[in-house]
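Text of the file run.txt, holding compact mmCIF, C-alpha atoms:
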# COMPACT_ATOMS: atom_id res chain seq x y z
CA MET Q 1 32.93 -36.90 -1.08
CA ILE Q 2 31.23 -37.16 -4.47
CA TRP Q 3 32.56 -40.40 -5.97
CA GLN Q 4 32.61 -39.13 -9.56
CA LEU Q 5 34.81 -36.21 -8.52
CA ASP Q 6 36.97 -38.58 -6.45
CA ILE Q 7 37.59 -40.89 -9.42
CA LEU Q 8 38.32 -37.92 -11.70
CA ILE Q 9 40.92 -36.49 -9.28
CA LEU Q 10 42.51 -39.94 -8.79
CA LEU Q 11 42.76 -40.34 -12.57
CA ILE Q 12 44.45 -36.94 -12.97
CA VAL Q 13 46.82 -37.76 -10.06
CA VAL Q 14 47.96 -40.95 -11.81
CA ILE Q 15 48.35 -39.10 -15.12
CA CYS Q 16 50.42 -36.34 -13.46
CA ALA Q 17 52.63 -38.88 -11.63
CA ILE Q 18 53.36 -40.89 -14.79
CA ALA Q 19 53.88 -37.76 -16.88
CA SER Q 20 56.31 -36.22 -14.39
CA ILE Q 21 58.68 -39.20 -14.62
CA THR Q 22 58.41 -39.69 -18.39
CA VAL Q 23 58.64 -36.12 -19.68
CA LYS Q 24 62.06 -35.06 -20.99
CA ASP Q 25 61.94 -31.41 -19.91
CA ILE Q 26 63.01 -31.10 -16.26
CA LEU Q 27 61.12 -27.85 -15.66
CA SER Q 28 57.91 -29.47 -16.90
CA SER Q 29 58.64 -32.42 -14.63
CA ALA Q 30 58.94 -30.13 -11.59
CA LEU Q 31 55.71 -28.32 -12.44
CA LEU Q 32 53.85 -31.61 -12.98
CA LEU Q 33 55.06 -32.74 -9.56
CA GLY Q 34 53.59 -29.53 -8.12
CA ALA Q 35 50.27 -30.28 -9.84
CA TYR Q 36 50.41 -33.82 -8.41
CA SER Q 37 50.93 -32.41 -4.89
CA PHE Q 38 48.03 -30.00 -5.27
CA LEU Q 39 45.67 -32.75 -6.45
CA MET Q 40 46.74 -34.92 -3.50
CA CYS Q 41 45.88 -31.93 -1.32
CA LEU Q 42 42.37 -31.91 -2.82
CA LEU Q 43 42.03 -35.65 -2.16
CA TRP Q 44 43.04 -35.26 1.48
CA THR Q 45 40.63 -32.38 1.93
CA GLY Q 46 37.88 -34.62 0.59
CA MET Q 47 38.81 -37.34 3.08
CA GLY Q 48 38.60 -34.88 5.98
CA ALA Q 49 42.32 -34.66 6.82
CA VAL Q 50 42.49 -30.88 6.64
CA ASP Q 51 45.79 -30.57 8.51
CA VAL Q 52 47.59 -33.01 6.20
CA ALA Q 53 46.08 -31.24 3.19
CA PHE Q 54 47.33 -27.90 4.49
CA THR Q 55 50.84 -29.30 4.93
CA GLU Q 56 50.75 -30.80 1.45
CA ALA Q 57 49.64 -27.49 -0.09
CA ALA Q 58 52.26 -25.46 1.78
CA VAL Q 59 55.23 -27.81 1.49
CA GLY Q 60 54.56 -30.10 -1.46
CA ALA Q 61 52.94 -27.70 -3.89
CA GLY Q 62 54.57 -24.47 -2.70
CA ILE Q 63 58.05 -24.74 -1.24
CA SER Q 64 59.38 -27.90 -2.89
CA THR Q 65 58.29 -26.71 -6.36
CA ALA Q 66 60.20 -23.48 -5.73
CA PHE Q 67 63.25 -25.54 -4.68
CA PHE Q 68 63.03 -27.68 -7.82
CA ILE Q 69 62.74 -24.61 -10.06
CA GLY Q 70 65.72 -23.06 -8.28
CA ALA Q 71 67.72 -26.23 -8.95
CA VAL Q 72 66.59 -26.45 -12.60
CA PHE Q 73 67.82 -22.86 -13.06
CA HIS Q 74 71.41 -24.10 -12.59
CA MET Q 75 71.43 -27.06 -14.98
CA THR Q 76 70.46 -28.05 -18.51
CA ARG Q 77 66.75 -28.23 -19.04
CA ARG Q 78 66.54 -31.47 -21.00
CA THR Q 79 67.50 -34.91 -19.75
CA LYS Q 80 70.04 -36.95 -21.71
CA ASP Q 81 68.37 -40.37 -21.32
CA MET M 1 66.86 -14.90 -9.75
CA ILE M 2 70.46 -13.64 -9.62
CA ASN M 3 70.09 -10.98 -12.28
CA ARG M 4 67.18 -8.59 -11.94
CA TYR M 5 64.78 -8.52 -14.89
CA GLU M 6 62.68 -5.44 -14.26
CA ASN M 7 58.99 -6.02 -14.91
CA VAL M 8 56.47 -3.52 -13.55
CA VAL M 9 53.55 -5.95 -13.39
CA ILE M 10 55.41 -8.69 -11.51
CA GLU M 11 57.07 -6.29 -9.07
CA THR M 12 53.82 -4.44 -8.27
CA VAL M 13 51.84 -7.64 -7.77
CA SER M 14 54.50 -9.16 -5.55
CA ARG M 15 54.74 -5.94 -3.54
CA LEU M 16 51.01 -6.22 -2.85
CA LEU M 17 51.12 -9.98 -2.28
CA VAL M 18 54.07 -10.29 0.12
CA PRO M 19 52.45 -8.49 3.12
CA ALA M 20 49.23 -10.46 2.64
CA LEU M 21 51.19 -13.73 2.58
CA GLN M 22 53.10 -12.80 5.73
CA LEU M 23 49.90 -11.81 7.54
CA PHE M 24 48.31 -15.13 6.57
CA GLY M 25 51.40 -16.98 7.78
CA LEU M 26 51.23 -15.24 11.16
CA TYR M 27 47.51 -16.08 11.35
CA VAL M 28 48.22 -19.75 10.65
CA ILE M 29 50.93 -19.85 13.34
CA ALA M 30 48.80 -18.02 15.93
CA HIS M 31 45.74 -20.24 15.40
CA GLY M 32 47.64 -23.50 14.92
CA HIS M 33 46.55 -25.09 18.20
CA GLY M 34 42.84 -24.45 17.72
CA SER M 35 42.30 -24.98 14.00
CA PRO M 36 44.14 -26.60 11.06
CA GLY M 37 47.58 -25.15 10.60
CA GLY M 38 50.50 -24.72 12.95
CA GLY M 39 54.13 -23.78 13.11
CA PHE M 40 55.28 -25.89 10.18
CA GLN M 41 52.68 -24.69 7.69
CA GLY M 42 52.86 -21.07 8.86
CA GLY M 43 56.65 -21.11 8.65
CA CYS M 44 56.45 -22.48 5.11
CA ILE M 45 54.04 -19.69 4.12
CA LEU M 46 56.36 -17.06 5.61
CA ALA M 47 59.29 -18.60 3.70
CA ALA M 48 57.19 -18.61 0.52
CA SER M 49 56.70 -14.85 0.83
CA PHE M 50 60.48 -14.42 0.98
CA ILE M 51 60.96 -16.75 -2.01
CA LEU M 52 58.43 -14.68 -3.96
CA MET M 53 60.52 -11.61 -3.17
CA VAL M 54 63.69 -13.34 -4.40
CA ILE M 55 62.01 -14.42 -7.64
CA ALA M 56 60.27 -11.11 -8.39
CA TYR M 57 63.23 -8.86 -7.54
CA ASP M 58 66.66 -10.41 -7.00
CA ILE M 59 68.68 -11.89 -4.18
CA ARG M 60 70.37 -8.63 -3.14
CA VAL M 61 67.06 -6.77 -2.69
CA ALA M 62 65.64 -9.69 -0.72
CA LYS M 63 68.75 -9.94 1.45
CA SER M 64 68.52 -6.22 2.24
CA HIS M 65 65.18 -7.01 3.91
CA MET M 66 66.40 -10.12 5.70
CA SER M 67 70.13 -10.81 5.90
CA GLU M 68 71.66 -14.25 6.30
CA ASN M 69 72.97 -13.39 9.77
CA LEU M 70 69.44 -12.55 10.95
CA ASN M 71 68.25 -15.74 9.26
CA THR M 72 70.75 -17.87 11.18
CA ILE M 73 69.87 -16.14 14.45
CA LEU M 74 66.13 -16.79 13.86
CA CYS M 75 66.82 -20.45 13.07
CA CYS M 76 68.78 -21.00 16.29
CA LEU M 77 66.27 -18.95 18.32
CA GLY M 78 63.36 -21.05 17.07
CA VAL M 79 65.04 -24.31 18.05
CA PHE M 80 65.99 -22.71 21.39
CA ILE M 81 62.38 -21.71 22.11
CA TYR M 82 61.11 -25.19 21.28
CA GLY M 83 63.73 -27.02 23.33
CA GLY M 84 63.62 -24.41 26.09
CA ILE M 85 59.89 -24.78 26.69
CA GLY M 86 60.27 -28.56 26.66
CA LEU M 87 63.15 -28.52 29.12
CA LEU M 88 61.39 -25.93 31.30
CA CYS M 89 58.61 -28.47 31.78
CA VAL M 90 61.23 -31.06 32.85
CA ILE M 91 62.78 -28.58 35.31
CA LEU M 92 59.36 -27.81 36.80
CA GLY M 93 58.75 -31.50 37.50
CA GLY M 94 56.79 -32.80 34.50
CA ASN M 95 57.68 -34.73 31.38
CA PHE M 96 59.32 -33.24 28.28
CA LEU M 97 56.80 -30.88 26.61
CA ASP M 98 54.23 -31.54 29.38
CA TYR M 99 52.86 -28.00 29.34
CA SER M 100 50.42 -28.29 32.23
CA VAL M 101 53.20 -27.88 34.83
CA LEU M 102 53.84 -24.41 33.41
CA HIS M 103 51.04 -23.12 35.69
CA LYS M 104 53.67 -22.94 38.45
CA ILE M 105 55.34 -19.97 36.74
CA LEU M 106 52.44 -18.57 34.69
CA PRO M 107 49.54 -16.83 36.49
CA VAL M 108 46.93 -19.19 34.94
CA ASP M 109 45.36 -22.58 35.69
CA PRO M 110 46.84 -25.83 34.19
CA VAL M 111 44.41 -26.00 31.23
CA LYS M 112 45.23 -22.45 30.17
CA ALA M 113 48.94 -23.16 30.79
CA ARG M 114 48.74 -26.06 28.31
CA TYR M 115 47.16 -23.70 25.79
CA MET M 116 49.91 -21.09 26.26
CA GLY M 117 52.69 -23.68 26.18
CA ILE M 118 51.63 -25.16 22.86
CA LEU M 119 51.33 -21.64 21.43
CA GLY M 120 54.95 -20.94 22.42
CA VAL M 121 56.11 -24.18 20.85
CA GLU M 122 54.25 -23.35 17.62
CA ILE M 123 55.98 -19.95 17.49
CA GLY M 124 59.39 -21.60 17.92
CA VAL M 125 58.69 -24.20 15.24
CA GLY M 126 57.44 -21.50 12.87
CA MET M 127 60.59 -19.43 13.27
CA ALA M 128 62.90 -22.41 12.79
CA VAL M 129 61.04 -23.74 9.74
CA MET M 130 60.92 -20.30 8.10
CA ALA M 131 64.63 -19.72 8.61
CA VAL M 132 65.67 -23.17 7.40
CA MET M 133 63.48 -22.98 4.28
CA ILE M 134 64.87 -19.54 3.40
CA SER M 135 68.41 -20.80 3.99
CA ILE M 136 67.90 -23.84 1.72
CA PHE M 137 66.41 -21.69 -1.03
CA LEU M 138 69.18 -19.07 -0.83
CA ASN M 139 71.82 -21.81 -1.00
CA ILE M 140 70.15 -23.37 -4.04
CA ALA M 141 69.52 -20.06 -5.82
CA SER M 142 72.96 -18.54 -5.21
CA ARG M 143 75.01 -21.78 -5.54
CA GLY M 144 76.22 -21.45 -1.95
CA GLU M 145 77.64 -17.95 -2.40
CA HIS M 146 77.27 -16.14 0.91
CA GLU M 147 77.27 -12.52 1.99
CA GLY M 148 80.50 -10.66 1.36
CA HIS M 149 81.81 -13.27 -1.07
CA GLU M 150 83.86 -11.87 -3.96
CA ASN M 151 82.86 -14.16 -6.82
CA SER M 152 79.16 -13.31 -7.04
CA VAL M 153 79.66 -11.28 -10.24
CA SER M 154 81.48 -14.09 -12.03
CA VAL M 155 78.78 -16.57 -11.02
CA SER M 156 76.02 -14.50 -12.59
CA ALA M 157 78.16 -14.04 -15.73
CA GLY M 158 78.68 -17.81 -15.97
CA VAL M 159 74.96 -18.47 -15.71
CA SER M 160 74.11 -16.00 -18.46
CA ASP M 161 76.85 -17.52 -20.70
CA ARG M 162 75.47 -21.00 -20.28
CA ARG M 163 71.93 -19.86 -20.95
CA ASN M 164 73.08 -18.24 -24.16
CA ASN M 165 74.78 -21.47 -25.23
CA GLU M 166 71.54 -23.39 -24.82
Hey, can you dump this file as structure tokens for me?
Amino acid sequence: MIWQLDILILLIVVICAIASITVKDILSSALLLGAYSFLMCLLWTGMGAVDVAFTEAAVGAGISTAFFIGAVFHMTRRTKD
Amino acid sequence: MINRYENVVIETVSRLLVPALQLFGLYVIAHGHGSPGGGFQGGCILAASFILMVIAYDIRVAKSHMSENLNTILCCLGVFIYGGIGLLCVILGGNFLDYSVLHKILPVDPVKARYMGILGVEIGVGMAVMAVMISIFLNIASRGEHEGHENSVSVSAGVSDRRNNE
């Protein structure tokens, strides 16, 4: 894989991971976690693990984000802490 | 998700997208033993098509296409296919999930029997994963209200009240 692209994706992964646990809006947190999963999928594709990347794209970025949004629908959007 | 907000663009796009998603999910399940993919990923894609239907329309429209009883039957049938093929291999004299002994009952040689056995297991896993994912999403989206329950109207009213308060 091109190392410049690799470092760029790693940087965005770290930014998404930190942002998803610091942001106050829970819906934004769920969507940032989906973006994190999709970027991890890109990293795994670059490393040649296509099956793991496929699982990450289907489960991590697709289904679990839908579950989180369905759970956010039933509670207050902003955290208290 | 509980109340239906009619939007022509979203409903038309999802009506076009759901069959394509389901066809891609079946492709992933059917080619899981020869290429990347498999029962788990294909089942998740099939469940995602149902979740798209729930989000674009509402739960009642989606349940008219696939009821919870059918969902439970598919879940149990998928686990039954997986465990049944594994135990069939034990009965025929091999190890658990040792597909090559299936050539005693299938009219093919052991290599082809291994190919067919893993395809059957992928189909079972795909059915079970799809049904369980749909069941989890329906339980989250409807707060555990099931078919034929009386309080579904009051639940949707409570949600709209709380959203107005925010």
Can you list every residue of chain M that has an atom at most 8 Å from chain Q, with its nearest atom pair and the distance in Å to one decimal, using all atoms listed in the file, ordered by chain then number, as a Markdown table?
| residue | atom | partner | partner_atom | distance |
| --- | --- | --- | --- | --- |
| M:Pro36 | CA | Q:Asp51 | CA | 5.0 |
| M:Gly37 | CA | Q:Asp51 | CA | 6.1 |
| M:Phe40 | CA | Q:Thr55 | CA | 7.7 |
| M:Gln41 | CA | Q:Thr55 | CA | 5.7 |
| M:Cys44 | CA | Q:Ala58 | CA | 6.1 |
| M:Ile45 | CA | Q:Ala58 | CA | 6.5 |
| M:Ala47 | CA | Q:Ile63 | CA | 8.0 |
| M:Ala48 | CA | Q:Ile63 | CA | 6.4 |
| M:Ile51 | CA | Q:Ala66 | CA | 7.7 |
| M:Met133 | CA | Q:Ile63 | CA | 7.9 |
| M:Phe137 | CA | Q:Phe67 | CA | 6.2 |
| M:Ile140 | CA | Q:Gly70 | CA | 6.1 |
| M:Ala141 | CA | Q:Gly70 | CA | 5.4 |
| M:Val159 | CA | Q:His74 | CA | 7.4 |
| M:Glu166 | CA | Q:Thr76 | CA | 7.9 |
Need the neighbours of (55.2, -8.0, -7.1): which residues are at most 10 Å away, counting all atoms listed in the file, as a ChimeraX atom specification? /M:7-18,52-53,55-57
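Between CA of Gly39 (chain M) and CA of Leu92 (chain M) the separation is 24.6 Å.
If only C-alpha atoms are the atoms counted, then among Q:Gly60, Q:Ile2, Q:Tyr36, Q:Thr22 the closest residue to Thr79 (chain Q) is Q:Thr22.
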Close residues, Ile85 (chain M) itself excluded, 12 Å, all atoms listed in the file, min 4 positions apart in chain, as a PDB file with C-alpha atoms, keeping the file's coordinate frame:
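Listing of out.pdb after writing:
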ATOM      1  CA  GLY M  78      63.360 -21.050  17.070  1.00  0.00           C
ATOM      2  CA  VAL M  79      65.040 -24.310  18.050  1.00  0.00           C
ATOM      3  CA  PHE M  80      65.990 -22.710  21.390  1.00  0.00           C
ATOM      4  CA  ILE M  81      62.380 -21.710  22.110  1.00  0.00           C
ATOM      5  CA  CYS M  89      58.610 -28.470  31.780  1.00  0.00           C
ATOM      6  CA  VAL M  90      61.230 -31.060  32.850  1.00  0.00           C
ATOM      7  CA  ILE M  91      62.780 -28.580  35.310  1.00  0.00           C
ATOM      8  CA  LEU M  92      59.360 -27.810  36.800  1.00  0.00           C
ATOM      9  CA  GLY M  94      56.790 -32.800  34.500  1.00  0.00           C
ATOM     10  CA  ASN M  95      57.680 -34.730  31.380  1.00  0.00           C
ATOM     11  CA  PHE M  96      59.320 -33.240  28.280  1.00  0.00           C
ATOM     12  CA  LEU M  97      56.800 -30.880  26.610  1.00  0.00           C
ATOM     13  CA  ASP M  98      54.230 -31.540  29.380  1.00  0.00           C
ATOM     14  CA  TYR M  99      52.860 -28.000  29.340  1.00  0.00           C
ATOM     15  CA  SER M 100      50.420 -28.290  32.230  1.00  0.00           C
ATOM     16  CA  VAL M 101      53.200 -27.880  34.830  1.00  0.00           C
ATOM     17  CA  LEU M 102      53.840 -24.410  33.410  1.00  0.00           C
ATOM     18  CA  ALA M 113      48.940 -23.160  30.790  1.00  0.00           C
ATOM     19  CA  ARG M 114      48.740 -26.060  28.310  1.00  0.00           C
ATOM     20  CA  MET M 116      49.910 -21.090  26.260  1.00  0.00           C
ATOM     21  CA  GLY M 117      52.690 -23.680  26.180  1.00  0.00           C
ATOM     22  CA  ILE M 118      51.630 -25.160  22.860  1.00  0.00           C
ATOM     23  CA  LEU M 119      51.330 -21.640  21.430  1.00  0.00           C
ATOM     24  CA  GLY M 120      54.950 -20.940  22.420  1.00  0.00           C
ATOM     25  CA  VAL M 121      56.110 -24.180  20.850  1.00  0.00           C
ATOM     26  CA  GLU M 122      54.250 -23.350  17.620  1.00  0.00           C
ATOM     27  CA  ILE M 123      55.980 -19.950  17.490  1.00  0.00           C
ATOM     28  CA  GLY M 124      59.390 -21.600  17.920  1.00  0.00           C
ATOM     29  CA  VAL M 125      58.690 -24.200  15.240  1.00  0.00           C
TER      30      VAL M 125
END
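Using only C-alpha atoms, the shortest contact distance between Gly34 (chain M) and any of M:Val132, M:Glu68, M:Tyr115, M:Met127 is found at M:Tyr115.
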